[in-house]
Structure formats: C-alpha cells, structure tokens
file target04.cif (mmCIF, C-alpha atoms)
data_run
#
loop_
_atom_site.label_atom_id
_atom_site.label_comp_id
_atom_site.auth_asym_id
_atom_site.auth_seq_id
_atom_site.Cartn_x
_atom_site.Cartn_y
_atom_site.Cartn_z
CA MET A 27 -16.18 -18.86 -18.79
CA ARG A 28 -16.73 -21.29 -15.98
CA ILE A 29 -14.23 -20.61 -13.21
CA LEU A 30 -15.40 -23.60 -11.18
CA ARG A 31 -14.27 -26.03 -13.86
CA SER A 32 -10.67 -25.34 -12.85
CA LEU A 33 -11.24 -25.01 -9.10
CA CYS A 34 -10.61 -28.67 -8.38
CA LEU A 35 -7.34 -28.54 -10.30
CA PHE A 36 -5.97 -25.31 -8.94
CA ALA A 37 -7.69 -24.47 -5.66
CA ALA A 38 -8.28 -27.89 -4.10
CA PHE A 39 -12.00 -27.47 -3.55
CA VAL A 40 -12.76 -29.11 -0.21
CA PRO A 41 -16.33 -29.34 1.10
CA ILE A 42 -16.85 -29.28 4.85
CA ALA A 43 -19.77 -30.33 6.96
CA PHE A 44 -22.60 -27.81 7.04
CA ALA A 45 -23.36 -26.19 10.34
CA GLU A 46 -26.83 -25.04 11.34
CA ALA A 47 -25.97 -21.49 10.31
CA ASN A 48 -27.00 -20.26 6.89
CA VAL A 49 -24.64 -17.36 6.25
CA LYS A 50 -25.12 -15.40 3.05
CA THR A 51 -22.08 -13.61 1.69
CA GLY A 52 -22.18 -10.14 0.21
CA LEU A 53 -22.29 -11.73 -3.23
CA ASP A 54 -25.33 -13.80 -2.28
CA VAL A 55 -27.02 -10.68 -0.95
CA LEU A 56 -26.21 -8.75 -4.14
CA VAL A 57 -27.89 -11.48 -6.20
CA GLU A 58 -30.95 -11.38 -3.93
CA GLN A 59 -31.07 -7.61 -4.45
CA HIS A 60 -31.25 -8.23 -8.21
CA PHE A 61 -27.98 -6.27 -8.57
CA ALA A 62 -29.74 -3.02 -7.64
CA PRO A 63 -26.59 -1.31 -6.22
CA LEU A 64 -24.82 -1.89 -9.56
CA ALA A 65 -27.76 -1.33 -11.89
CA GLY A 66 -26.76 0.42 -15.11
CA LYS A 67 -23.06 0.48 -14.23
CA HIS A 68 -19.95 -0.58 -16.11
CA VAL A 69 -18.14 -2.72 -13.57
CA GLY A 70 -14.59 -3.84 -12.89
CA VAL A 71 -14.27 -6.75 -10.46
CA ILE A 72 -11.30 -7.47 -8.19
CA THR A 73 -11.47 -11.17 -7.48
CA ASN A 74 -10.11 -14.70 -7.65
CA PHE A 75 -11.48 -18.24 -7.50
CA SER A 76 -12.81 -17.81 -3.94
CA ALA A 77 -15.71 -15.52 -4.91
CA ILE A 78 -18.57 -17.99 -5.22
CA THR A 79 -22.24 -18.00 -4.28
CA ARG A 80 -23.87 -20.61 -2.08
CA ASP A 81 -24.97 -22.41 -5.25
CA ARG A 82 -21.32 -22.47 -6.43
CA ARG A 83 -21.48 -19.84 -9.16
CA HIS A 84 -18.38 -17.71 -9.55
CA ILE A 85 -18.77 -13.94 -9.42
CA ILE A 86 -17.65 -13.53 -13.03
CA ASP A 87 -20.37 -15.89 -14.20
CA VAL A 88 -22.86 -14.11 -11.93
CA LEU A 89 -21.98 -10.67 -13.30
CA GLU A 90 -22.30 -11.97 -16.86
CA SER A 91 -25.63 -13.71 -16.20
CA PRO A 92 -28.89 -12.70 -17.91
CA GLU A 93 -30.14 -11.41 -14.54
CA ALA A 94 -27.19 -9.04 -14.24
CA LYS A 95 -27.51 -7.89 -17.83
CA SER A 96 -31.19 -7.22 -17.34
CA ALA A 97 -30.19 -4.83 -14.55
CA GLY A 98 -28.02 -2.96 -17.04
CA LEU A 99 -24.77 -4.23 -15.50
CA THR A 100 -21.80 -4.63 -17.84
CA LEU A 101 -18.57 -6.35 -16.80
CA VAL A 102 -15.69 -4.55 -18.52
CA ALA A 103 -12.55 -5.57 -16.57
CA ILE A 104 -11.24 -8.20 -14.15
CA PHE A 105 -8.40 -7.54 -11.69
CA THR A 106 -6.61 -10.38 -9.87
CA PRO A 107 -4.40 -10.49 -6.73
CA GLU A 108 -1.47 -12.71 -5.71
CA HIS A 109 -1.84 -16.34 -6.89
CA GLY A 110 -3.93 -15.24 -9.89
CA LEU A 111 -7.54 -15.81 -10.85
CA ASN A 112 -7.39 -19.58 -10.40
CA GLY A 113 -5.16 -19.55 -7.32
CA ALA A 114 -2.52 -21.71 -8.99
CA ALA A 115 0.52 -19.41 -8.72
CA ALA A 116 2.93 -19.98 -5.84
CA ALA A 117 3.48 -17.41 -3.10
CA GLY A 118 5.35 -14.45 -4.56
CA GLU A 119 5.16 -15.75 -8.13
CA THR A 120 4.58 -13.11 -10.81
CA VAL A 121 1.19 -13.41 -12.51
CA ARG A 122 0.77 -11.99 -16.01
CA SER A 123 -2.26 -10.20 -17.40
CA SER A 124 -4.46 -11.91 -19.98
CA LYS A 125 -7.96 -11.89 -21.45
CA GLN A 126 -11.13 -13.81 -20.78
CA GLU A 127 -11.31 -16.27 -23.66
CA SER A 128 -15.05 -16.25 -24.23
CA THR A 129 -15.64 -12.48 -24.13
CA GLY A 130 -12.26 -10.79 -24.50
CA VAL A 131 -12.72 -8.95 -21.19
CA PRO A 132 -9.22 -7.99 -19.99
CA ILE A 133 -7.83 -9.73 -16.90
CA TYR A 134 -5.31 -7.41 -15.26
CA SER A 135 -2.89 -8.95 -12.79
CA LEU A 136 -2.15 -6.75 -9.79
CA TYR A 137 0.72 -9.01 -8.76
CA GLN A 138 3.58 -8.36 -11.12
CA PRO A 139 6.58 -5.98 -11.02
CA GLY A 140 5.45 -2.37 -10.84
CA MET A 141 1.75 -3.26 -10.80
CA GLN A 142 0.12 -3.01 -7.36
CA ARG A 143 -2.95 -1.06 -8.42
CA ALA A 144 -4.83 -0.29 -11.61
CA SER A 145 -3.52 2.44 -13.89
CA PRO A 146 -5.86 5.21 -15.09
CA GLU A 147 -5.96 3.51 -18.51
CA MET A 148 -7.23 0.26 -16.96
CA LEU A 149 -10.03 2.13 -15.21
CA LYS A 150 -11.36 3.95 -18.27
CA GLY A 151 -15.05 3.31 -18.81
CA ILE A 152 -15.56 1.84 -15.32
CA ASP A 153 -18.30 3.27 -13.08
CA ALA A 154 -17.80 0.91 -10.13
CA LEU A 155 -15.09 -1.38 -8.78
CA VAL A 156 -16.31 -4.48 -6.93
CA PHE A 157 -14.00 -6.32 -4.53
CA ASP A 158 -14.85 -9.94 -3.65
CA ILE A 159 -12.06 -12.16 -2.31
CA GLN A 160 -12.03 -14.53 0.67
CA ASP A 161 -9.61 -13.28 3.31
CA ALA A 162 -7.46 -15.30 5.72
CA GLY A 163 -7.73 -12.94 8.70
CA ALA A 164 -3.97 -12.26 8.76
CA ARG A 165 -2.30 -8.85 8.49
CA PHE A 166 0.37 -10.07 6.08
CA TYR A 167 -2.04 -11.77 3.69
CA THR A 168 -1.56 -9.66 0.56
CA TYR A 169 -5.24 -9.49 -0.47
CA THR A 170 -5.90 -6.81 2.15
CA VAL A 171 -3.18 -4.62 0.64
CA THR A 172 -4.64 -5.19 -2.84
CA MET A 173 -8.00 -4.05 -1.49
CA GLN A 174 -6.55 -0.78 -0.19
CA HIS A 175 -4.47 -0.06 -3.29
CA MET A 176 -7.51 -0.47 -5.52
CA MET A 177 -9.58 1.67 -3.17
CA GLU A 178 -6.99 4.42 -3.59
CA ALA A 179 -7.14 4.03 -7.37
CA ALA A 180 -10.94 4.24 -7.25
CA ALA A 181 -10.83 7.39 -5.12
CA THR A 182 -8.39 9.07 -7.50
CA ALA A 183 -10.57 8.19 -10.50
CA HIS A 184 -13.84 9.11 -8.67
CA ILE A 185 -15.16 5.58 -9.12
CA GLU A 186 -17.51 3.96 -6.60
CA TYR A 187 -15.99 1.07 -4.64
CA PHE A 188 -18.05 -1.90 -3.44
CA VAL A 189 -16.84 -4.61 -1.06
CA LEU A 190 -18.90 -7.80 -1.08
CA ASP A 191 -18.26 -9.00 2.44
CA ARG A 192 -17.22 -12.53 3.46
CA PRO A 193 -16.48 -14.13 6.85
CA ASN A 194 -13.22 -13.71 8.67
CA PRO A 195 -12.46 -17.46 8.70
CA VAL A 196 -10.74 -17.41 12.09
CA ASN A 197 -13.61 -15.42 13.72
CA GLY A 198 -14.17 -11.73 14.24
CA VAL A 199 -13.52 -11.61 17.97
CA ASP A 200 -9.87 -12.53 18.54
CA VAL A 201 -7.32 -9.71 18.20
CA GLN A 202 -3.77 -11.00 18.62
CA GLY A 203 -0.12 -10.48 17.77
CA PRO A 204 2.31 -7.56 17.45
CA MET A 205 1.19 -4.31 15.85
CA LEU A 206 2.77 -3.26 12.54
CA ASP A 207 5.13 -0.28 12.87
CA PRO A 208 4.74 2.39 10.15
CA SER A 209 8.43 1.99 9.33
CA HIS A 210 7.67 -1.51 8.09
CA PHE A 211 4.67 -0.81 5.88
CA SER A 212 5.01 -2.84 2.69
CA GLY A 213 3.11 -5.14 0.37
CA LEU A 214 2.56 -7.31 3.45
CA GLY A 215 0.74 -4.61 5.41
CA ILE A 216 0.07 -0.88 5.18
CA MET A 217 -1.75 0.07 8.36
CA ARG A 218 -1.00 -0.15 12.07
CA ILE A 219 -2.93 -3.33 12.88
CA PRO A 220 -1.99 -6.59 14.64
CA THR A 221 -1.21 -9.89 12.91
CA ARG A 222 -4.75 -11.11 13.70
CA TYR A 223 -7.19 -8.21 13.52
CA GLY A 224 -10.62 -9.87 13.87
CA LEU A 225 -12.32 -7.85 11.12
CA THR A 226 -14.07 -8.79 7.91
CA MET A 227 -12.79 -7.32 4.66
CA GLY A 228 -15.73 -4.91 4.63
CA GLU A 229 -14.92 -3.70 8.12
CA LEU A 230 -11.23 -3.45 7.30
CA ALA A 231 -12.08 -1.45 4.16
CA GLN A 232 -14.00 1.05 6.28
CA MET A 233 -11.04 1.34 8.63
CA TYR A 234 -8.60 1.84 5.73
CA ASN A 235 -10.82 4.45 4.12
CA ALA A 236 -11.24 6.49 7.30
CA GLU A 237 -7.85 6.21 9.00
CA ASN A 238 -5.70 6.36 5.86
CA LYS A 239 -7.89 9.21 4.57
CA ILE A 240 -8.44 7.54 1.20
CA GLY A 241 -11.73 9.32 0.53
CA ALA A 242 -13.24 6.53 -1.55
CA SER A 243 -16.99 6.34 -2.23
CA LEU A 244 -17.12 3.06 -0.32
CA HIS A 245 -20.11 0.74 -0.08
CA VAL A 246 -20.02 -2.53 1.88
CA ILE A 247 -22.66 -5.09 0.99
CA LYS A 248 -22.97 -6.91 4.29
CA MET A 249 -23.39 -10.60 4.91
CA GLN A 250 -26.55 -11.96 6.46
CA GLY A 251 -26.46 -14.42 9.35
CA TRP A 252 -22.79 -14.01 10.28
CA ARG A 253 -21.81 -13.50 13.92
CA ARG A 254 -18.41 -12.34 15.12
CA SER A 255 -17.80 -15.50 17.13
CA MET A 256 -18.14 -17.78 14.10
CA TRP A 257 -15.26 -19.80 12.73
CA PHE A 258 -15.58 -20.63 9.06
CA ASP A 259 -16.81 -24.16 9.67
CA GLU A 260 -19.73 -22.73 11.62
CA THR A 261 -21.07 -20.62 8.74
CA GLY A 262 -22.62 -23.33 6.57
CA LEU A 263 -20.43 -22.14 3.68
CA GLU A 264 -18.09 -24.40 1.76
CA TRP A 265 -14.36 -24.20 2.23
CA LEU A 266 -12.10 -23.20 -0.66
CA ASN A 267 -8.38 -23.03 0.03
CA PRO A 268 -7.73 -19.23 0.03
CA SER A 269 -4.28 -19.84 -1.48
CA PRO A 270 -2.18 -22.90 -2.41
CA ASN A 271 -0.68 -23.42 1.06
CA LEU A 272 -3.73 -22.68 3.21
CA ARG A 273 -5.26 -26.11 2.78
CA SER A 274 -7.42 -26.38 5.87
CA LEU A 275 -8.97 -24.29 8.61
CA THR A 276 -6.36 -25.76 10.97
CA ALA A 277 -3.55 -24.41 8.80
CA GLU A 278 -5.28 -21.04 8.60
CA THR A 279 -5.75 -20.95 12.38
CA LEU A 280 -2.02 -21.50 12.94
CA TYR A 281 -0.96 -19.25 10.06
CA THR A 282 -0.84 -15.92 11.90
CA GLY A 283 1.54 -17.41 14.48
CA VAL A 284 3.68 -19.86 12.52
CA CYS A 285 4.20 -17.50 9.58
CA LEU A 286 6.33 -15.27 11.83
CA LEU A 287 9.04 -17.91 11.34
CA GLU A 288 8.92 -17.74 7.54
CA LYS A 289 12.72 -17.60 7.24
CA LEU A 290 12.64 -21.24 8.32
CA ALA A 291 10.88 -24.02 6.43
CA ILE A 292 7.28 -23.66 7.61
CA GLY A 293 5.74 -26.51 5.68
CA ARG A 294 5.53 -25.04 2.20
CA GLY A 295 6.34 -27.87 -0.16
CA THR A 296 4.87 -30.48 2.20
CA ASP A 297 1.38 -31.83 2.84
CA THR A 298 0.99 -29.70 5.99
CA PRO A 299 1.97 -26.05 5.41
CA PHE A 300 2.02 -23.87 8.54
CA GLN A 301 1.74 -26.96 10.74
CA ILE A 302 5.44 -27.89 10.72
CA VAL A 303 8.56 -25.78 11.20
CA GLY A 304 12.19 -26.73 10.78
CA ALA A 305 15.62 -26.36 9.24
CA PRO A 306 18.59 -28.66 8.58
CA TRP A 307 20.35 -27.17 11.59
CA LEU A 308 17.40 -27.08 14.03
CA ASN A 309 17.22 -29.39 17.03
CA GLY A 310 13.54 -30.18 16.76
CA ARG A 311 13.37 -32.53 19.74
CA GLU A 312 14.97 -29.98 22.05
CA VAL A 313 12.88 -27.06 20.82
CA ALA A 314 9.64 -29.07 21.01
CA ALA A 315 10.37 -30.17 24.57
CA PHE A 316 11.16 -26.60 25.60
CA LEU A 317 7.94 -25.27 24.08
CA ASN A 318 5.83 -28.02 25.67
CA GLU A 319 7.18 -26.96 29.06
CA LYS A 320 5.68 -23.52 28.36
CA GLN A 321 2.19 -25.10 28.24
CA ILE A 322 0.95 -22.71 25.59
CA PRO A 323 -2.86 -22.99 25.68
CA GLY A 324 -4.40 -24.73 22.69
CA VAL A 325 -1.33 -26.42 21.19
CA ARG A 326 1.41 -28.95 21.77
CA PHE A 327 4.59 -29.73 19.84
CA LEU A 328 5.91 -32.96 18.39
CA PRO A 329 9.44 -33.57 17.01
CA ARG A 330 9.23 -33.98 13.24
CA ARG A 331 11.61 -34.46 10.34
CA PHE A 332 10.57 -33.51 6.81
CA ARG A 333 11.92 -32.68 3.36
CA PRO A 334 10.18 -29.68 1.72
CA THR A 335 10.01 -29.23 -2.05
CA GLU A 336 9.95 -25.42 -1.80
CA ALA A 337 12.43 -22.84 -0.52
CA PRO A 338 13.94 -22.25 1.91
CA TYR A 339 15.79 -25.57 2.32
CA LYS A 340 14.22 -27.07 -0.78
CA ASP A 341 14.92 -30.81 -1.03
CA GLN A 342 16.92 -30.74 2.22
CA GLU A 343 16.07 -32.88 5.21
CA CYS A 344 14.86 -30.58 7.97
CA ASP A 345 14.77 -31.32 11.66
CA GLY A 346 11.87 -29.58 13.28
CA LEU A 347 8.54 -29.81 15.02
CA GLU A 348 4.87 -30.19 14.29
CA VAL A 349 2.37 -27.81 15.88
CA GLU A 350 -0.67 -29.83 16.93
CA LEU A 351 -3.80 -27.74 17.38
CA LEU A 352 -5.75 -28.97 20.42
CA ASN A 353 -8.18 -26.14 21.12
CA ARG A 354 -8.51 -23.22 18.70
CA ASP A 355 -10.64 -21.19 21.13
CA LYS A 356 -7.85 -21.16 23.73
CA LEU A 357 -5.02 -20.45 21.32
CA ASP A 358 -3.45 -17.00 21.11
CA THR A 359 -1.57 -17.10 17.83
CA GLY A 360 0.40 -13.99 18.75
CA ARG A 361 1.84 -15.76 21.76
CA LEU A 362 2.39 -18.91 19.69
CA GLY A 363 4.56 -17.11 17.13
CA LEU A 364 6.52 -15.16 19.73
CA GLU A 365 7.16 -18.26 21.87
CA MET A 366 8.39 -20.19 18.83
CA LEU A 367 10.68 -17.35 17.76
CA ALA A 368 12.09 -17.10 21.28
CA ALA A 369 12.72 -20.85 21.39
CA VAL A 370 14.58 -20.88 18.07
CA LEU A 371 16.70 -17.92 19.21
CA LYS A 372 17.43 -19.58 22.56
CA PHE A 373 18.84 -22.75 21.01
CA HIS A 374 20.20 -21.38 17.74
CA PRO A 375 21.06 -17.67 18.21
CA GLU A 376 23.88 -17.88 15.69
CA LYS A 377 21.63 -19.34 12.99
CA TYR A 378 18.54 -17.13 13.12
CA ASP A 379 18.25 -13.35 12.76
CA VAL A 380 14.87 -12.18 14.00
CA LYS A 381 15.17 -8.97 11.96
CA SER A 382 15.21 -11.01 8.73
CA GLY A 383 11.47 -11.46 9.16
CA ILE A 384 10.67 -7.98 10.41
CA LEU A 385 8.04 -7.27 7.72
CA LEU A 386 6.00 -10.15 9.13
CA LEU A 387 6.73 -9.57 12.81
CA GLY A 388 6.14 -5.86 12.20
CA SER A 389 7.38 -4.59 15.56
CA ASP A 390 10.88 -3.25 16.25
CA ASP A 391 10.21 -3.44 19.98
CA ALA A 392 9.27 -7.12 19.83
CA ALA A 393 12.28 -7.85 17.62
CA ALA A 394 14.65 -6.09 20.04
CA ARG A 395 13.22 -7.95 23.04
CA LEU A 396 13.56 -11.30 21.28
CA ALA A 397 17.10 -10.52 20.12
CA ARG A 398 18.26 -9.78 23.66
CA GLY A 399 16.86 -13.07 24.91
CA ASP A 400 13.56 -12.10 26.53
CA SER A 401 11.12 -14.97 26.92
CA GLY A 402 8.30 -15.40 24.46
CA GLU A 403 5.80 -14.93 27.29
CA SER A 404 7.30 -11.58 28.32
CA VAL A 405 7.39 -10.31 24.73
CA TYR A 406 3.77 -11.41 24.35
CA GLN A 407 2.82 -9.49 27.51
CA SER A 408 4.49 -6.39 26.07
CA THR A 409 2.03 -6.41 23.12
CA LEU A 410 -1.17 -6.47 25.16
CA GLU A 411 -1.54 -2.74 25.86
CA ALA A 412 -1.38 -1.88 22.15
CA LEU A 413 -3.89 -4.65 21.39
CA SER A 414 -6.30 -3.23 23.95
CA ALA A 415 -6.05 0.18 22.26
CA PHE A 416 -6.64 -1.42 18.86
CA ARG A 417 -9.83 -3.10 20.06
CA LYS A 418 -11.20 0.32 20.98
CA ARG A 419 -9.93 1.82 17.74
CA ARG A 420 -11.67 -0.74 15.55
CA GLN A 421 -15.03 -0.39 17.33
CA PRO A 422 -16.54 2.28 15.00
CA TYR A 423 -15.98 0.04 11.98
CA LEU A 424 -17.71 -3.11 13.21
CA LEU A 425 -20.72 -4.11 11.11
CA TYR A 426 -21.84 -7.27 12.92
CA ASP A 427 -22.85 -8.28 16.43
#
call {"tool": "encode", "arguments": {"input": "target04.cif", "output": "structure tokens"}}
result
Amino acid sequence: MRILRSLCLFAAFVPIAFAEANVKTGLDVLVEQHFAPLAGKHVGVITNFSAITRDRRHIIDVLESPEAKSAGLTLVAIFTPEHGLNGAAAAGETVRSSKQESTGVPIYSLYQPGMQRASPEMLKGIDALVFDIQDAGARFYTYTVTMQHMMEAAATAHIEYFVLDRPNPVNGVDVQGPMLDPSHFSGLGIMRIPTRYGLTMGELAQMYNAENKIGASLHVIKMQGWRRSMWFDETGLEWLNPSPNLRSLTAETLYTGVCLLEKLAIGRGTDTPFQIVGAPWLNGREVAAFLNEKQIPGVRFLPRRFRPTEAPYKDQECDGLEVELLNRDKLDTGRLGLEMLAAVLKFHPEKYDVKSGILLLGSDDAAARLARGDSGESVYQSTLEALSAFRKRRQPYLLYD
C-alpha cells in the first residue's frame, strides 16, 4: 500500500521552503538505526498520513520494507486516530475499521463510538506499539488523548510503547492559555496542562506516563537537529496539513486561541479555518474595532463577512472578523482567545454562553471571570501564575535544548 498516493487528495500535501536546518524525525532516526529497537518484534502502529520520512515514505511502507523485514520486524496491526488514516474524515466524524488491501493487516479505528483505545483482542500477538503522528501543539487536539489511551492499553497488556518524536509545529518554548481543570477531562484533554504546552509528543508521553502513573514501558526515539525555539517552517521538513482544517502554519498558530470560540463559526467550511470568526448575529465591525483598541501583540482584526459550509451556521451569512497574524513570536494565543471571548460577551452577552465551550476553555475560574464581565486582559493575567508553575513542572520531561 502506498499511503502517499492519496495524500494529495485527502491531506492537501503542501511543500514549504526548506530552511537551513536538517531535522530528522524519530522515524528517520529509526530507519538510520536499521530498526534495532524493534528488531524481532511483532508491531502495531498508531498512525495516520502525517508519519512520513524525509524521503516521503509513509511509516506503513517503511515497516513493511525489506530492510524492516530483515530486522525481523513484522507489522501486524494499524490503529488510526480522529480523521482516519488518510486524514479525510471531518472533525468528530466516526471512522470505521477496515483492512489493508494488499496484506490484510487490520486497520482499527480508535475514533468511533465506544472505541478510544485498543481492546485486549486487538493487541494479541503484538510485542510493541509504535506511535507516530504529527501533533498540532494544542491541548484539545485529540491525537494527544489517543496517545495516552493507547499507552494505558500497552501498560495493561505489558507491551512496550515507542513514540517516534516529531516537532511541536508552533515551537517548544511558548506555554500559554488556561490550564485544564480535572473536572473537565474528556476526549479533548486528560491532564492538567495549558492550551499551548510547548512539548513534543515524546515529551508529553513522558509526562503522561509519570504524572498519570500509567506505568508503561515507554521509549521515545528522539529527533536529531530540533531545537525548542523552532517553528515548523524552520525545520527543513515538509508541511502536511495535520487535519482537514489546519491548512497552514498560520492557521495552526492561531488555532489554540481562536478554537476557544468554537461555538461560533470559526472558519470551518471556508478557505481560512481558524482565521475568521463570526455568526449571523455578530457585529463584526464593532467587535473588530474593540479588539484593535486592545493592541494585542502580534495580531490585528478586520471586519469580515462569510458563509461557511459546515456547522454551526452552515450556509448562513455570518458577520464577523478576520484575525490577521502580524508577528507570531509576539503573539500569546492564550490572551488572544480570552480577549476574543471577552469581546463577544461584551457586545452579545445574551447570545453567547461561555460555559458552552468549557471543555476547550478548560478553566471554571476563567469562565466565571468572563461571564461576570472581566476584561480579557485581566482574565489572561489570572492564568499566569499557573503557567509559571507548569513551566517548572514540565522541566524534568524536556528532551531537547
């Protein structure tokens, strides 16, 4: 099977300019190691279309290559997250299990009713689970939850768990946004971390394993050449849309802030998801002017009307605003999201219930402050102490300078 044949159709493969850096992902490093960590093992892989090498081979093809077979590696199962193996399914859409046509290897979907992790039957005959999926760097991006659930399944079944590390696309330095309260743990987040956590998946896996006391036999195959300060377009790697609506690094940069307003139309069903926000009842010109007066570093706001083809407000004309990214290094996406929520509540308190998006916002304290009319700036300031504590808490799990 050649996964890349369908990438252009389903994942909108978009090359970017190469930077001077020459980052090697965990998958590239595994290939250079001649698969030594997995030698002689029967392997299940947790993956989607994003798991490619620098020479554009998909992990499934790599694990079925003659080189892998010569190391005694046997691929026996494939597990897929939200959006499916090819990334074609819409957000929240159920993905059914299937089989790999050429070999009959089962493809188990972990994104269907009642199926968040592998059952014991699915894990029979597996010696090692390998996780390789490109992350978005956002707490509510469901791939991180899939990673933890499968780590728990591996621990229960006494199966080794390998994470092939990849860059945090929005850098590994910035830590921003409200912390997730335990009362709001869900499929959108299951650990007390902020909306933008500044960790790679390998680092996050170590944090999950230790702090949630999973007890997995965890191995992280590190990248080579990646530095914490790097944005994705500084790695020399090629961009693949992590999911159908994250179509650019700009959209991904804004995602952790704008997605806090998901009960509005946030660009899904348009050409610019997470870059526009609106509703039929919103006064976009007024809200944009108010937000521009706040002089939020790194962004400005333009009035914008649009008609999305996805819910909410499918096929309805929405009045709203466009978020123009001016300087990603100055932007605090936590402040961005809180300022936008506060502005919508200021002008339309009868139309918007901040608690309707509490699983994304994550914080009852922030929700209560917004509901009583506190400014976005003051709510943002109230999150900083917890963020400072999180930076210290994450320190033991950092793998890169």
call {"tool": "closest_residue", "arguments": {"input": "target04.cif", "among": "A:Arg83, A:Arg222, A:Lys377, A:His245", "to": "Leu280 of chain A", "atoms": "only C-alpha atoms"}}
result
A:Arg222
call {"tool": "residues_near_point", "arguments": {"input": "target04.cif", "point": "(10.5, -0.2, 11.5)", "cutoff": "8 Å", "atoms": "all atoms listed in the file", "output": "list in words"}}
result
Asp207, Pro208, Ser209, His210, Ile384, Gly388, Ser389 and Asp390 of chain A
call {"tool": "residues_around", "arguments": {"input": "target04.cif", "residues": "Thr279 of chain A", "least_positions_apart": "3", "cutoff": "7 Å", "atoms": "all atoms listed in the file", "output": "NGL selection string"}}
result
:A and (196 or 275-276)
call {"tool": "resolve_selection", "arguments": {"input": "target04.cif", "expression": "the PyMOL selection byres ((chain A and resi 70) around 7)", "output": "mmCIF file with C-alpha atoms, in the coordinates of the input"}}
result
data_model
loop_
_atom_site.group_PDB
_atom_site.id
_atom_site.type_symbol
_atom_site.label_atom_id
_atom_site.label_comp_id
_atom_site.auth_asym_id
_atom_site.auth_seq_id
_atom_site.Cartn_x
_atom_site.Cartn_y
_atom_site.Cartn_z
ATOM 1 C CA VAL A 69 -18.140 -2.720 -13.570
ATOM 2 C CA VAL A 71 -14.270 -6.750 -10.460
ATOM 3 C CA ILE A 72 -11.300 -7.470 -8.190
ATOM 4 C CA LEU A 101 -18.570 -6.350 -16.800
ATOM 5 C CA VAL A 102 -15.690 -4.550 -18.520
ATOM 6 C CA ALA A 103 -12.550 -5.570 -16.570
ATOM 7 C CA ILE A 104 -11.240 -8.200 -14.150
ATOM 8 C CA ILE A 152 -15.560 1.840 -15.320
ATOM 9 C CA ALA A 154 -17.800 0.910 -10.130
ATOM 10 C CA LEU A 155 -15.090 -1.380 -8.780
ATOM 11 C CA VAL A 156 -16.310 -4.480 -6.930
#
call {"tool": "closest_residue", "arguments": {"input": "target04.cif", "among": "A:Leu266, A:Ala183, A:Ile322, A:Ile219", "to": "Ala77 of chain A", "atoms": "only C-alpha atoms"}}
result
A:Leu266
call {"tool": "residues_near_point", "arguments": {"input": "target04.cif", "point": "(7.5, -23.0, 28.5)", "cutoff": "12 Å", "atoms": "only C-alpha atoms", "output": "list in words"}}
result
Val313, Ala314, Ala315, Phe316, Leu317, Asn318, Glu319, Lys320, Gln321, Ile322, Pro323, Val325, Arg326, Phe327, Arg361, Leu362, Leu364, Glu365, Met366, Ala368, Ala369, Ser401, Gly402, Glu403 and Ser404 of chain A
call {"tool": "resolve_selection", "arguments": {"input": "target04.cif", "expression": "the PyMOL selection byres ((chain A and resi 136-150) around 6)", "output": "list in words"}}
result
Thr106, Pro107, Glu108, Thr120, Val121, Ser135, Gly151, Ile152, His175 and Met176 of chain A
call {"tool": "closest_residue", "arguments": {"input": "target04.cif", "among": "A:Leu425, A:Ile302, A:Leu244, A:Leu351", "to": "Arg333 of chain A", "atoms": "all atoms listed in the file"}}
result
A:Ile302
call {"tool": "closest_residue", "arguments": {"input": "target04.cif", "among": "A:Ala94, A:Ala305, A:Leu357, A:Leu89", "to": "Gly283 of chain A", "atoms": "all atoms listed in the file"}}
result
A:Leu357
call {"tool": "resolve_selection", "arguments": {"input": "target04.cif", "expression": "the PyMOL selection byres ((chain A and resi 182) around 9)", "output": "list in words"}}
result
Pro146, Met177, Glu178, Ala179, Ala180, Ala181, Ala183, His184, Ile185, Ile240, Gly241 and Ala242 of chain A
call {"tool": "residues_around", "arguments": {"input": "target04.cif", "residues": "Ala117 of chain A", "least_positions_apart": "6", "cutoff": "9 Å", "atoms": "all atoms listed in the file", "output": "list of chain:residue names"}}
result
A:Glu108, A:His109, A:Ser269, A:Pro270, A:Asn271
call {"tool": "axis_aligned_box", "arguments": {"input": "target04.cif", "around": "segment 371-383 of chain A", "padding_each_side": "5 Å", "output": "JSON"}}
result
{"center_x": 17.7, "center_y": -15.9, "center_z": 15.6, "size_x": 22.4, "size_y": 23.8, "size_z": 23.8}
call {"tool": "build_atoms", "arguments": {"input": "target04.cif", "residues": "segment 257-268 of chain A", "atoms": "N, CA and C atoms", "output": "short mmCIF file (atom, residue, chain, number, x, y, z; two decimals), in the frame of the given file"}}
result
data_model
loop_
_atom_site.label_atom_id
_atom_site.label_comp_id
_atom_site.auth_asym_id
_atom_site.auth_seq_id
_atom_site.Cartn_x
_atom_site.Cartn_y
_atom_site.Cartn_z
N TRP A 257 -16.36 -19.31 13.55
CA TRP A 257 -15.26 -19.80 12.73
C TRP A 257 -15.87 -20.21 11.39
N PHE A 258 -15.04 -20.38 10.39
CA PHE A 258 -15.58 -20.63 9.06
C PHE A 258 -16.44 -21.88 9.00
N ASP A 259 -16.05 -22.91 9.73
CA ASP A 259 -16.81 -24.16 9.67
C ASP A 259 -18.12 -24.10 10.44
N GLU A 260 -18.45 -22.94 10.96
CA GLU A 260 -19.73 -22.73 11.62
C GLU A 260 -20.68 -21.87 10.78
N THR A 261 -20.28 -21.53 9.56
CA THR A 261 -21.07 -20.62 8.74
C THR A 261 -22.04 -21.34 7.80
N GLY A 262 -21.83 -22.62 7.57
CA GLY A 262 -22.62 -23.33 6.57
C GLY A 262 -22.12 -23.11 5.15
N LEU A 263 -21.04 -22.35 4.99
CA LEU A 263 -20.43 -22.14 3.68
C LEU A 263 -19.43 -23.24 3.40
N GLU A 264 -19.08 -23.39 2.14
CA GLU A 264 -18.09 -24.40 1.76
C GLU A 264 -16.68 -23.81 1.74
N TRP A 265 -15.75 -24.63 2.14
CA TRP A 265 -14.36 -24.20 2.23
C TRP A 265 -13.69 -24.29 0.87
N LEU A 266 -13.03 -23.20 0.46
CA LEU A 266 -12.10 -23.20 -0.66
C LEU A 266 -10.76 -22.73 -0.12
N ASN A 267 -9.69 -23.44 -0.44
CA ASN A 267 -8.38 -23.03 0.03
C ASN A 267 -8.10 -21.59 -0.44
N PRO A 268 -7.91 -20.62 0.46
CA PRO A 268 -7.73 -19.23 0.03
C PRO A 268 -6.49 -19.02 -0.84
#
